[in-house]
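Chemist: You'll find structure03.tsv just under this line, and it carries TSV, C-alpha atoms.
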chain	number	residue	atom	x	y	z
A	248	MET	CA	44.21	19.36	162.84
A	249	SER	CA	47.44	21.21	163.18
A	250	GLN	CA	50.47	20.24	161.21
A	251	LEU	CA	54.12	20.80	162.07
A	252	ILE	CA	56.09	22.05	159.16
A	253	ASP	CA	59.86	21.56	159.39
A	254	THR	CA	61.11	24.79	157.85
A	255	PRO	CA	64.78	24.72	156.82
A	256	ILE	CA	67.11	27.00	158.83
A	257	PRO	CA	68.84	29.59	156.65
A	258	TRP	CA	72.50	28.78	155.98
A	259	TRP	CA	73.71	32.11	157.40
A	260	GLN	CA	71.96	31.37	160.69
A	261	VAL	CA	73.60	27.93	160.86
A	262	MET	CA	76.97	29.58	160.20
A	263	ALA	CA	76.43	32.28	162.83
A	264	ILE	CA	74.77	30.51	165.75
A	265	GLY	CA	74.49	26.85	164.73
A	266	ARG	CA	71.43	24.66	164.37
A	267	ASN	CA	70.62	24.96	168.04
A	268	PRO	CA	71.35	28.48	169.35
A	269	ARG	CA	71.00	27.42	173.00
A	270	THR	CA	73.63	24.68	172.68
A	271	THR	CA	75.88	27.08	170.79
A	272	LEU	CA	75.59	29.68	173.57
A	273	ILE	CA	76.43	27.10	176.25
A	274	ARG	CA	79.44	25.89	174.25
A	275	LEU	CA	80.57	29.46	173.71
A	276	ALA	CA	80.27	30.26	177.43
A	277	ILE	CA	82.25	27.15	178.41
A	278	THR	CA	84.94	27.95	175.83
A	279	LEU	CA	85.23	31.53	177.08
A	280	VAL	CA	85.54	30.38	180.70
A	281	ILE	CA	88.25	27.84	179.76
A	282	VAL	CA	90.15	30.44	177.70
A	283	PHE	CA	89.86	33.05	180.48
A	284	VAL	CA	91.00	30.67	183.23
A	285	GLY	CA	93.79	29.29	181.03
A	286	PHE	CA	94.95	32.80	180.17
A	287	ARG	CA	94.93	33.91	183.80
A	288	MET	CA	96.89	30.82	184.86
A	289	SER	CA	99.51	30.96	182.14
A	290	ILE	CA	99.97	34.55	181.00
A	291	GLN	CA	100.25	37.84	182.82
A	292	PRO	CA	100.22	41.12	180.93
A	293	ILE	CA	102.66	43.71	182.25
A	294	LEU	CA	103.32	47.38	181.70
A	295	VAL	CA	107.01	48.31	181.86
A	296	GLN	CA	107.67	51.29	184.12
A	297	GLY	CA	111.04	52.87	184.77
A	298	ILE	CA	114.37	52.90	182.99
A	299	SER	CA	116.33	50.08	184.62
A	300	MET	CA	115.81	47.66	181.69
A	301	GLN	CA	116.79	50.11	178.94
A	302	PRO	CA	117.76	49.77	176.16
A	303	THR	CA	116.00	46.38	175.90
A	304	TYR	CA	112.68	47.53	177.36
A	305	ARG	CA	111.44	51.08	177.56
A	306	ASP	CA	109.08	52.82	179.90
A	307	GLY	CA	105.46	52.34	178.84
A	308	GLN	CA	105.94	49.16	176.78
A	309	ARG	CA	103.43	46.34	177.18
A	310	ARG	CA	104.66	42.77	177.40
A	311	PHE	CA	103.49	39.33	178.57
A	312	LEU	CA	104.92	36.96	181.17
A	313	ASN	CA	104.78	33.21	180.71
A	314	LYS	CA	103.82	32.02	184.18
A	315	LEU	CA	104.31	28.35	183.25
A	316	ALA	CA	107.87	28.80	181.97
A	317	TYR	CA	109.50	27.46	185.12
A	318	ARG	CA	107.06	24.66	185.94
A	319	SER	CA	109.32	22.10	184.30
A	320	ALA	CA	112.52	24.07	183.74
A	321	GLN	CA	114.91	26.18	185.73
A	322	PRO	CA	115.65	29.85	184.98
A	323	GLN	CA	118.60	30.26	182.63
A	324	ARG	CA	121.20	32.99	182.47
A	325	GLY	CA	119.97	35.76	180.23
A	326	ASP	CA	116.27	35.15	180.91
A	327	VAL	CA	114.24	38.26	181.63
A	328	ILE	CA	111.94	37.43	184.51
A	329	GLY	CA	109.12	38.98	186.48
A	330	ILE	CA	109.71	39.06	190.24
A	331	ARG	CA	106.95	39.53	192.79
A	332	GLU	CA	107.76	42.76	194.59
A	333	ALA	CA	104.52	43.65	196.35
A	334	GLY	CA	101.75	41.16	195.82
A	335	LYS	CA	100.75	39.71	192.49
A	336	GLN	CA	100.36	42.98	190.66
A	337	VAL	CA	103.60	44.88	191.34
A	338	LEU	CA	106.49	43.09	189.69
A	339	LEU	CA	110.13	43.81	189.03
A	340	LEU	CA	111.46	43.06	185.56
A	341	LYS	CA	115.08	41.91	185.72
A	342	ARG	CA	117.61	39.79	183.84
A	343	VAL	CA	119.08	36.65	185.39
A	344	ILE	CA	122.88	36.78	185.43
A	345	GLY	CA	123.76	34.43	188.28
A	346	LEU	CA	122.51	30.88	188.93
A	347	PRO	CA	122.47	28.73	192.09
A	348	GLY	CA	125.91	27.59	193.24
A	349	GLU	CA	127.79	30.28	191.33
A	350	ARG	CA	130.14	32.96	192.65
A	351	LEU	CA	129.40	36.40	191.26
A	352	ARG	CA	131.07	39.75	191.54
A	353	ILE	CA	131.15	42.96	189.52
A	354	VAL	CA	134.46	44.66	188.88
A	355	GLN	CA	134.61	47.98	187.02
A	356	GLY	CA	131.16	47.23	185.60
A	357	THR	CA	132.13	43.77	184.30
A	358	VAL	CA	130.21	40.84	185.73
A	359	LEU	CA	132.42	37.92	186.74
A	360	ILE	CA	130.83	34.48	187.14
A	361	ASN	CA	133.16	32.09	188.97
A	362	GLY	CA	135.94	34.49	188.03
A	363	GLU	CA	135.12	34.53	184.29
A	364	PRO	CA	133.82	37.69	182.59
A	365	LEU	CA	130.22	37.45	181.42
A	366	GLU	CA	129.40	38.51	177.88
A	367	GLU	CA	126.35	40.75	177.88
A	368	PRO	CA	125.30	41.70	174.35
A	369	TYR	CA	122.05	43.25	175.61
A	370	LEU	CA	123.80	46.17	177.33
A	371	LEU	CA	124.13	49.65	175.87
A	372	PRO	CA	126.58	49.76	172.93
A	373	PRO	CA	130.23	50.29	173.83
A	374	THR	CA	131.35	53.85	174.40
A	375	ASN	CA	135.04	54.43	173.71
A	376	GLY	CA	135.64	50.71	174.00
A	377	VAL	CA	134.09	50.44	177.45
A	378	GLN	CA	131.03	48.19	177.52
A	379	ASN	CA	129.64	49.43	180.83
A	380	PRO	CA	129.97	53.17	181.17
A	381	ALA	CA	129.18	53.00	184.87
A	382	ARG	CA	132.03	51.27	186.69
A	383	TRP	CA	129.96	49.49	189.26
A	384	ALA	CA	131.59	47.29	191.86
A	385	VAL	CA	129.88	44.53	193.81
A	386	GLU	CA	131.68	42.32	196.30
A	387	GLU	CA	131.65	38.60	195.65
A	388	VAL	CA	128.49	36.74	196.56
A	389	ARG	CA	127.96	32.99	196.49
A	390	LEU	CA	124.47	31.98	195.43
A	391	GLN	CA	122.77	29.26	197.43
A	392	ASP	CA	120.23	26.71	196.18
A	393	GLY	CA	117.07	28.43	195.02
A	394	GLU	CA	118.77	31.81	194.64
A	395	LEU	CA	119.31	33.85	191.48
A	396	TYR	CA	121.23	37.05	190.88
A	397	VAL	CA	119.21	39.53	188.86
A	398	ILE	CA	119.99	42.95	187.47
A	399	GLY	CA	118.65	45.45	184.93
A	400	ASP	CA	120.17	46.07	181.51
A	401	ASN	CA	120.71	49.78	182.11
A	402	ARG	CA	124.13	49.92	183.78
A	403	SER	CA	124.76	53.48	182.72
A	404	MET	CA	122.59	54.81	185.52
A	405	ARG	CA	123.79	55.47	189.06
A	406	ARG	CA	124.36	52.25	190.97
A	407	ASP	CA	122.43	53.54	193.99
A	408	ASP	CA	119.37	54.17	191.79
A	409	HIS	CA	119.42	50.66	190.35
A	410	TYR	CA	117.61	47.94	192.30
A	411	PHE	CA	119.39	44.61	191.83
A	412	GLY	CA	120.68	41.67	193.81
A	413	ILE	CA	119.77	38.19	195.00
A	414	VAL	CA	116.23	36.89	194.72
A	415	ASN	CA	114.69	33.67	195.95
A	416	GLN	CA	113.22	31.61	193.14
A	417	ASN	CA	109.90	31.41	194.95
A	418	ARG	CA	109.38	35.09	194.11
A	419	VAL	CA	109.79	34.52	190.38
A	420	VAL	CA	106.42	34.84	188.63
A	421	GLY	CA	107.48	33.92	185.11
A	422	ARG	CA	109.63	34.61	182.08
A	423	LEU	CA	109.05	37.40	179.60
A	424	MET	CA	107.43	35.91	176.50
A	425	ASN	CA	108.50	38.26	173.77
A	426	PRO	CA	112.08	39.31	174.42
B	165	MET	CA	55.12	22.32	205.79
B	166	SER	CA	56.51	20.01	203.15
B	167	SER	CA	59.51	17.83	203.86
B	168	PHE	CA	61.64	19.70	201.30
B	169	ARG	CA	60.84	23.09	202.81
B	170	ARG	CA	61.54	21.79	206.31
B	171	LYS	CA	64.94	20.41	205.25
B	172	THR	CA	65.81	23.65	203.46
B	173	LEU	CA	64.85	25.70	206.51
B	174	ILE	CA	66.94	23.48	208.79
B	175	GLY	CA	69.90	23.82	206.38
B	176	VAL	CA	69.62	27.60	206.34
B	177	LEU	CA	69.33	27.71	210.15
B	178	ILE	CA	72.45	25.56	210.54
B	179	ALA	CA	74.36	27.81	208.10
B	180	VAL	CA	73.28	30.94	210.03
B	181	ALA	CA	74.25	29.29	213.34
B	182	VAL	CA	77.70	28.37	212.00
B	183	CYS	CA	78.23	31.94	210.76
B	184	ALA	CA	77.10	33.36	214.11
B	185	LEU	CA	79.39	30.97	215.97
B	186	TRP	CA	82.28	31.92	213.68
B	187	TRP	CA	81.62	35.59	214.46
B	188	VAL	CA	81.23	35.12	218.22
B	189	ILE	CA	84.07	32.59	218.61
B	190	PRO	CA	86.51	33.40	215.80
B	191	SER	CA	89.50	31.24	215.00
B	192	GLU	CA	92.95	32.48	215.99
B	193	GLU	CA	93.61	33.37	212.37
B	194	GLU	CA	90.41	35.40	212.23
B	195	ARG	CA	91.38	37.23	215.44
B	196	ILE	CA	94.71	38.17	213.86
B	197	ARG	CA	92.94	39.39	210.72
B	198	ARG	CA	90.68	41.58	212.88
B	199	VAL	CA	93.71	43.15	214.59
B	200	LEU	CA	95.16	43.86	211.16
B	201	GLU	CA	91.90	45.45	210.02
B	202	LEU	CA	91.72	47.56	213.19
B	203	ALA	CA	95.28	48.78	212.65
B	204	ARG	CA	94.57	49.49	208.99
B	205	SER	CA	91.39	51.44	209.67
B	206	SER	CA	93.12	53.54	212.33
B	207	VAL	CA	95.92	54.50	209.94
B	208	SER	CA	93.67	55.05	206.93
B	209	SER	CA	91.91	58.41	206.91
B	210	GLU	CA	89.13	57.70	204.41
B	211	GLY	CA	87.49	61.05	205.06
B	212	LYS	CA	87.69	60.82	208.84
B	213	PRO	CA	88.74	63.98	210.70
B	214	ALA	CA	92.47	64.16	211.43
B	215	ASP	CA	92.65	66.67	214.25
B	216	GLY	CA	91.80	67.10	217.92
B	217	LEU	CA	90.00	64.29	219.69
B	218	ALA	CA	89.39	62.35	216.48
B	219	LEU	CA	93.13	62.18	215.87
B	220	LEU	CA	93.76	61.06	219.46
B	221	ALA	CA	91.09	58.38	219.14
B	222	ARG	CA	92.60	57.03	215.92
B	223	VAL	CA	96.13	56.95	217.29
B	224	SER	CA	94.84	55.32	220.46
B	225	GLN	CA	93.05	52.70	218.36
B	226	LEU	CA	96.32	51.98	216.57
B	227	THR	CA	98.35	51.63	219.75
B	228	GLN	CA	95.76	49.18	221.10
B	229	CYS	CA	96.93	46.83	218.34
B	230	LEU	CA	100.62	47.05	219.30
B	231	THR	CA	102.79	45.62	222.03
B	232	ARG	CA	104.57	48.20	224.19
B	233	ASP	CA	107.95	47.16	222.77
B	234	VAL	CA	106.76	47.13	219.15
B	235	GLU	CA	109.45	47.49	216.48
B	236	ILE	CA	108.83	48.98	213.06
B	237	GLN	CA	111.54	48.69	210.40
B	238	VAL	CA	110.85	50.43	207.13
B	239	ASP	CA	113.30	50.22	204.24
B	240	VAL	CA	111.85	50.92	200.83
B	241	PHE	CA	114.30	51.03	197.91
B	242	GLY	CA	114.39	54.58	196.60
B	243	GLY	CA	111.90	55.62	199.27
B	244	ILE	CA	111.64	56.09	202.98
B	245	SER	CA	113.63	54.14	205.51
B	246	GLY	CA	113.82	54.28	209.28
B	247	ASN	CA	113.13	52.38	212.48
B	248	LEU	CA	110.70	52.98	215.30
B	249	ALA	CA	110.97	51.30	218.68
B	250	GLY	CA	108.31	51.33	221.34
B	251	VAL	CA	104.69	52.34	221.31
B	252	ASP	CA	105.42	55.97	222.26
B	253	GLU	CA	107.56	56.54	219.18
B	254	VAL	CA	104.90	54.92	217.01
B	255	ARG	CA	102.18	57.07	218.58
B	256	ALA	CA	104.08	60.30	217.87
B	257	THR	CA	104.94	59.26	214.31
B	258	ALA	CA	101.39	58.09	213.55
B	259	ALA	CA	99.97	61.40	214.76
B	260	GLY	CA	102.41	63.28	212.53
B	261	ILE	CA	101.66	61.15	209.47
B	262	THR	CA	97.91	61.41	209.99
B	263	GLN	CA	98.12	65.21	210.12
B	264	GLN	CA	100.54	65.39	207.19
B	265	PHE	CA	98.42	63.16	204.94
B	266	PRO	CA	94.76	63.81	205.75
B	267	GLY	CA	93.71	61.84	202.65
B	268	LEU	CA	95.78	58.76	203.46
B	269	LYS	CA	94.17	55.49	202.35
B	270	VAL	CA	95.54	52.06	203.14
B	271	GLN	CA	94.20	48.81	201.73
B	272	LEU	CA	95.52	45.40	202.77
B	273	SER	CA	95.48	42.42	200.47
B	274	GLU	CA	97.03	38.97	200.09
B	275	ILE	CA	97.09	38.46	203.85
B	276	GLN	CA	98.88	35.24	204.67
B	277	ILE	CA	99.14	34.04	208.23
B	278	SER	CA	101.77	31.45	209.05
B	279	ASP	CA	103.78	30.02	211.94
B	280	LEU	CA	100.66	30.12	214.06
B	281	MET	CA	101.71	29.06	217.58
B	282	PRO	CA	99.76	29.38	220.84
B	283	THR	CA	101.30	32.79	221.62
B	284	SER	CA	103.00	33.90	218.43
B	285	ALA	CA	102.28	34.16	214.73
B	286	LYS	CA	103.60	35.67	211.54
B	287	ALA	CA	101.73	37.40	208.74
B	288	THR	CA	102.68	38.83	205.38
B	289	VAL	CA	100.48	41.46	203.81
B	290	VAL	CA	100.55	43.73	200.80
B	291	ALA	CA	99.62	47.30	201.65
B	292	ALA	CA	98.38	49.57	198.89
B	293	ILE	CA	99.07	53.07	200.18
B	294	ASP	CA	97.59	56.23	198.69
B	295	THR	CA	98.73	59.43	200.37
B	296	GLY	CA	96.12	61.42	198.50
B	297	SER	CA	98.72	63.45	196.62
B	298	ARG	CA	99.73	63.20	192.97
B	299	ASN	CA	101.95	60.14	192.36
B	300	GLY	CA	101.39	59.24	196.00
B	301	GLN	CA	100.29	55.66	195.31
B	302	THR	CA	102.55	52.78	196.20
B	303	ALA	CA	102.34	49.15	197.21
B	304	GLN	CA	104.62	47.49	199.70
B	305	GLU	CA	104.84	44.03	201.21
B	306	PHE	CA	105.21	43.81	204.98
B	307	GLU	CA	106.01	41.02	207.38
B	308	LEU	CA	104.37	41.28	210.78
B	309	ARG	CA	105.03	39.37	213.98
B	310	PHE	CA	102.22	38.87	216.43
B	311	ARG	CA	102.29	38.07	220.14
B	312	LYS	CA	99.34	36.88	222.19
B	313	TRP	CA	98.92	38.26	225.67
B	314	GLU	CA	95.92	37.74	227.98
B	315	GLY	CA	93.89	36.24	225.14
B	316	ARG	CA	94.49	39.10	222.68
B	317	TRP	CA	96.79	39.31	219.70
B	318	TYR	CA	99.13	42.30	219.38
B	319	ILE	CA	101.53	43.32	216.63
B	320	SER	CA	105.07	43.13	217.99
B	321	LYS	CA	107.07	43.78	214.84
B	322	ILE	CA	106.48	45.24	211.38
B	323	ALA	CA	109.17	45.10	208.70
B	324	THR	CA	109.15	45.82	205.00
B	325	VAL	CA	109.90	42.87	202.74
B	326	GLN	CA	112.50	43.50	200.05
B	327	ALA	CA	112.24	41.37	196.93
B	328	LEU	CA	115.98	41.67	196.28
B	329	ARG	CA	118.88	41.72	198.70
B	330	ALA	CA	122.54	42.56	198.32
B	331	ARG	CA	123.90	39.36	199.88
Would you write the structure of this file as structure tokens?

Modeler:
Amino acid sequence: MSQLIDTPIPWWQVMAIGRNPRTTLIRLAITLVIVFVGFRMSIQPILVQGISMQPTYRDGQRRFLNKLAYRSAQPQRGDVIGIREAGKQVLLLKRVIGLPGERLRIVQGTVLINGEPLEEPYLLPPTNGVQNPARWAVEEVRLQDGELYVIGDNRSMRRDDHYFGIVNQNRVVGRLMNP
Amino acid sequence: MSSFRRKTLIGVLIAVAVCALWWVIPSEEERIRRVLELARSSVSSEGKPADGLALLARVSQLTQCLTRDVEIQVDVFGGISGNLAGVDEVRATAAGITQQFPGLKVQLSEIQISDLMPTSAKATVVAAIDTGSRNGQTAQEFELRFRKWEGRWYISKIATVQALRAR
């Protein structure tokens, strides 16, 4: 007559894979799937390329976008956002300086919002008392509903080499998480 | 044959029939996607010869996807820009590009077809372009207009989509 002997499971095995390894594996798989899906839905890793966001972000830096940032809130002035340029993988990284309904123009490198100069502490440090070495000029634009005005932080580069302007909010992917 | 096996077999046969029907009688959206794929494969070299008759055949395949009055407007920030009007201009330019970039590869993704009307439609696609040279990889979003004529869809307009605009 055979007899079943209930041998105790070693404590280290319980710690590592639980009392029932099969259940533990299933739980682990479910957790990994939930984490992976949640990560894909809420966070997008990005690699900064180019110099238009210097000095705040440099070429080659890795950052994360919060894709849920604007689910329940609107973009704010000063936010650094990812903009869909070509598909889901190629994004532009720009700073929001103009919000819907506002009038914006740039005179001698100074951004004017509804006629008032905008303070931009994130730009390159002043040189001989001039905050923006490049004296860019942009004619007045009035932003409609759902439109933002975005620009890079590097205003010392040539204006023609700097990609900036009005973007529709439906192209905004998310806000940079670790500014 | 058991009842379960019979039901399974009938299910598989129905699935195969639906797939066959979908292939033989595609939806309008599927027809448009096939035109896009035909245009893509004619532009993309992918090891195909790019001279003589082979070149003519590829350019001819491309022009079969276009209306005679096709318009192409390309404006890439910091890159190429220019307009082409009419199938003859496109034919000449396509032949030149194919010879200049024998290793050209084009992949289309995120194809979205909208405004589907009986004789017109719109599509947006992301084209990943690799010219085969160093640093020759780029991705660009395009908006395409389609027109249906005698039961076939043709591309009537291609324009680059800019994420940002001046005003």

Chemist: Define the interface residues of chain A facing chain B as those within 6 Å, counting all atoms listed in the file, and report them as a PyMOL selection string.

Modeler: chain A and resi 332-334+412-414

Chemist: Tell me, in Å to one decimal, how far atom CA of Glu193 of chain B is from atom CA of Met288 of chain A.

Modeler: 27.8 Å

Chemist: What is the atom CA of Lys312 of chain B-atom CA of Gly246 of chain B distance in Å, reported with one decimal?

Modeler: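 Going from atom CA of Lys312 of chain B over to atom CA of Gly246 of chain B, I get 26.1 Å.
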
Chemist: I need the residue nearest Arg255 of chain B from this list: B:Thr283, B:Gln271, B:Ser205, B:Ser224. Use only C-alpha atoms for the distance.

Modeler: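 Checking each of B:Thr283, B:Gln271, B:Ser205, B:Ser224 against Arg255 of chain B, counting only C-alpha atoms, the winner is B:Ser224.
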
Chemist: List the spatial neighbours of segment 198-203 of chain B as a ChimeraX atom specification - criterion: any atom at most 10 Å away, all atoms listed in the file, same-chain residues fewer than 5 positions off excluded.

Modeler: /B:190,192-193,208,222-223,225-230,271-272,275,287,289,308,310,316-319

Chemist: Quick check, in Å to one decimal: how far apart do atom CA of Arg310 of chain A and atom CA of Glu367 of chain A lie?

Modeler: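 Atom-to-atom, atom CA of Arg310 of chain A and atom CA of Glu367 of chain A are spaced 21.8 Å apart.
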
Chemist: When you count all atoms listed in the file, which of these residues is closest to Leu365 of chain A: A:Thr270, A:Gly345, A:Arg287, A:Gln416?

Modeler: A:Gly345

Chemist: Which polymer residues have any atom within 7 Å of an atom of segment 321-324 of chain B, counting all atoms listed in the file, with same-chain residues fewer than 4 positions away left out, as a PDB file with C-alpha atoms, in the coordinates of the input?

Modeler:
ATOM      1  CA  VAL B 234     106.760  47.130 219.150  1.00  0.00           C
ATOM      2  CA  GLU B 235     109.450  47.490 216.480  1.00  0.00           C
ATOM      3  CA  ILE B 236     108.830  48.980 213.060  1.00  0.00           C
ATOM      4  CA  GLN B 237     111.540  48.690 210.400  1.00  0.00           C
ATOM      5  CA  VAL B 238     110.850  50.430 207.130  1.00  0.00           C
ATOM      6  CA  ASP B 239     113.300  50.220 204.240  1.00  0.00           C
ATOM      7  CA  GLU B 305     104.840  44.030 201.210  1.00  0.00           C
ATOM      8  CA  PHE B 306     105.210  43.810 204.980  1.00  0.00           C
ATOM      9  CA  GLU B 307     106.010  41.020 207.380  1.00  0.00           C
ATOM     10  CA  LEU B 308     104.370  41.280 210.780  1.00  0.00           C
ATOM     11  CA  ARG B 309     105.030  39.370 213.980  1.00  0.00           C
TER      12      ARG B 309
END

Chemist: Let me know the centre plus edge lengths, in Å and rounded to one decimal, of a box with edges along x, y and z that contains all listed atoms of segment 171-179 of chain B and is padded by 4 Å on every side, as AutoDock Vina command-line options.

Modeler:
--center_x 69.6 --center_y 24.1 --center_z 207.0 --size_x 17.5 --size_y 15.4 --size_z 15.1

Chemist: For the point (114.4, 48.2, 188.3) in the file's frame, write as a PDB file with C-alpha atoms, in the frame of the given file all residues with an atom no more than 8 Å away, counting all atoms listed in the file.

Modeler:
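Once written, out_18.pdb looks like this:
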ATOM      1  CA  GLY A 297     111.040  52.870 184.770  1.00  0.00           C
ATOM      2  CA  ILE A 298     114.370  52.900 182.990  1.00  0.00           C
ATOM      3  CA  SER A 299     116.330  50.080 184.620  1.00  0.00           C
ATOM      4  CA  MET A 300     115.810  47.660 181.690  1.00  0.00           C
ATOM      5  CA  LEU A 339     110.130  43.810 189.030  1.00  0.00           C
ATOM      6  CA  LEU A 340     111.460  43.060 185.560  1.00  0.00           C
ATOM      7  CA  LYS A 341     115.080  41.910 185.720  1.00  0.00           C
ATOM      8  CA  ILE A 398     119.990  42.950 187.470  1.00  0.00           C
ATOM      9  CA  GLY A 399     118.650  45.450 184.930  1.00  0.00           C
ATOM     10  CA  HIS A 409     119.420  50.660 190.350  1.00  0.00           C
ATOM     11  CA  TYR A 410     117.610  47.940 192.300  1.00  0.00           C
ATOM     12  CA  PHE A 411     119.390  44.610 191.830  1.00  0.00           C
TER      13      PHE A 411
END

Chemist: Skipping near chain neighbours, those fewer than 6 positions away, what residues fall within 8 Å of segment 418-426 of chain A using all atoms listed in the file, listed as number ranges by chain?

Modeler: A: 310-317, 326-332; B: 327

Chemist: With N, CA and C atoms as the target, complete segment 339-351 of chain A and hand it back as an mmCIF file, keeping the file's coordinate frame.

Modeler:
data_model
loop_
_atom_site.group_PDB
_atom_site.id
_atom_site.type_symbol
_atom_site.label_atom_id
_atom_site.label_comp_id
_atom_site.auth_asym_id
_atom_site.auth_seq_id
_atom_site.Cartn_x
_atom_site.Cartn_y
_atom_site.Cartn_z
ATOM 1 N N LEU A 339 108.868 43.257 189.516
ATOM 2 C CA LEU A 339 110.130 43.810 189.030
ATOM 3 C C LEU A 339 110.492 43.029 187.774
ATOM 4 N N LEU A 340 111.012 43.728 186.783
ATOM 5 C CA LEU A 340 111.460 43.060 185.560
ATOM 6 C C LEU A 340 112.984 43.116 185.553
ATOM 7 N N LYS A 341 113.617 41.955 185.631
ATOM 8 C CA LYS A 341 115.080 41.910 185.720
ATOM 9 C C LYS A 341 115.625 40.771 184.874
ATOM 10 N N ARG A 342 116.951 40.843 184.610
ATOM 11 C CA ARG A 342 117.610 39.790 183.840
ATOM 12 C C ARG A 342 118.425 38.902 184.780
ATOM 13 N N VAL A 343 118.321 37.605 184.570
ATOM 14 C CA VAL A 343 119.080 36.650 185.390
ATOM 15 C C VAL A 343 120.525 36.634 184.903
ATOM 16 N N ILE A 344 121.465 36.887 185.838
ATOM 17 C CA ILE A 344 122.880 36.780 185.430
ATOM 18 C C ILE A 344 123.634 35.753 186.280
ATOM 19 N N GLY A 345 123.078 35.408 187.427
ATOM 20 C CA GLY A 345 123.760 34.430 188.280
ATOM 21 C C GLY A 345 122.820 33.297 188.667
ATOM 22 N N LEU A 346 123.336 32.060 188.652
ATOM 23 C CA LEU A 346 122.510 30.880 188.930
ATOM 24 C C LEU A 346 122.965 30.221 190.241
ATOM 25 N N PRO A 347 122.120 29.356 190.800
ATOM 26 C CA PRO A 347 122.470 28.730 192.090
ATOM 27 C C PRO A 347 123.835 28.042 192.046
ATOM 28 N N GLY A 348 124.597 28.233 193.118
ATOM 29 C CA GLY A 348 125.910 27.590 193.240
ATOM 30 C C GLY A 348 127.043 28.412 192.665
ATOM 31 N N GLU A 349 126.737 29.498 191.979
ATOM 32 C CA GLU A 349 127.790 30.280 191.330
ATOM 33 C C GLU A 349 128.316 31.387 192.253
ATOM 34 N N ARG A 350 129.567 31.790 191.962
ATOM 35 C CA ARG A 350 130.140 32.960 192.650
ATOM 36 C C ARG A 350 130.057 34.121 191.675
ATOM 37 N N LEU A 351 129.584 35.248 192.165
ATOM 38 C CA LEU A 351 129.400 36.400 191.260
ATOM 39 C C LEU A 351 129.967 37.646 191.899
#
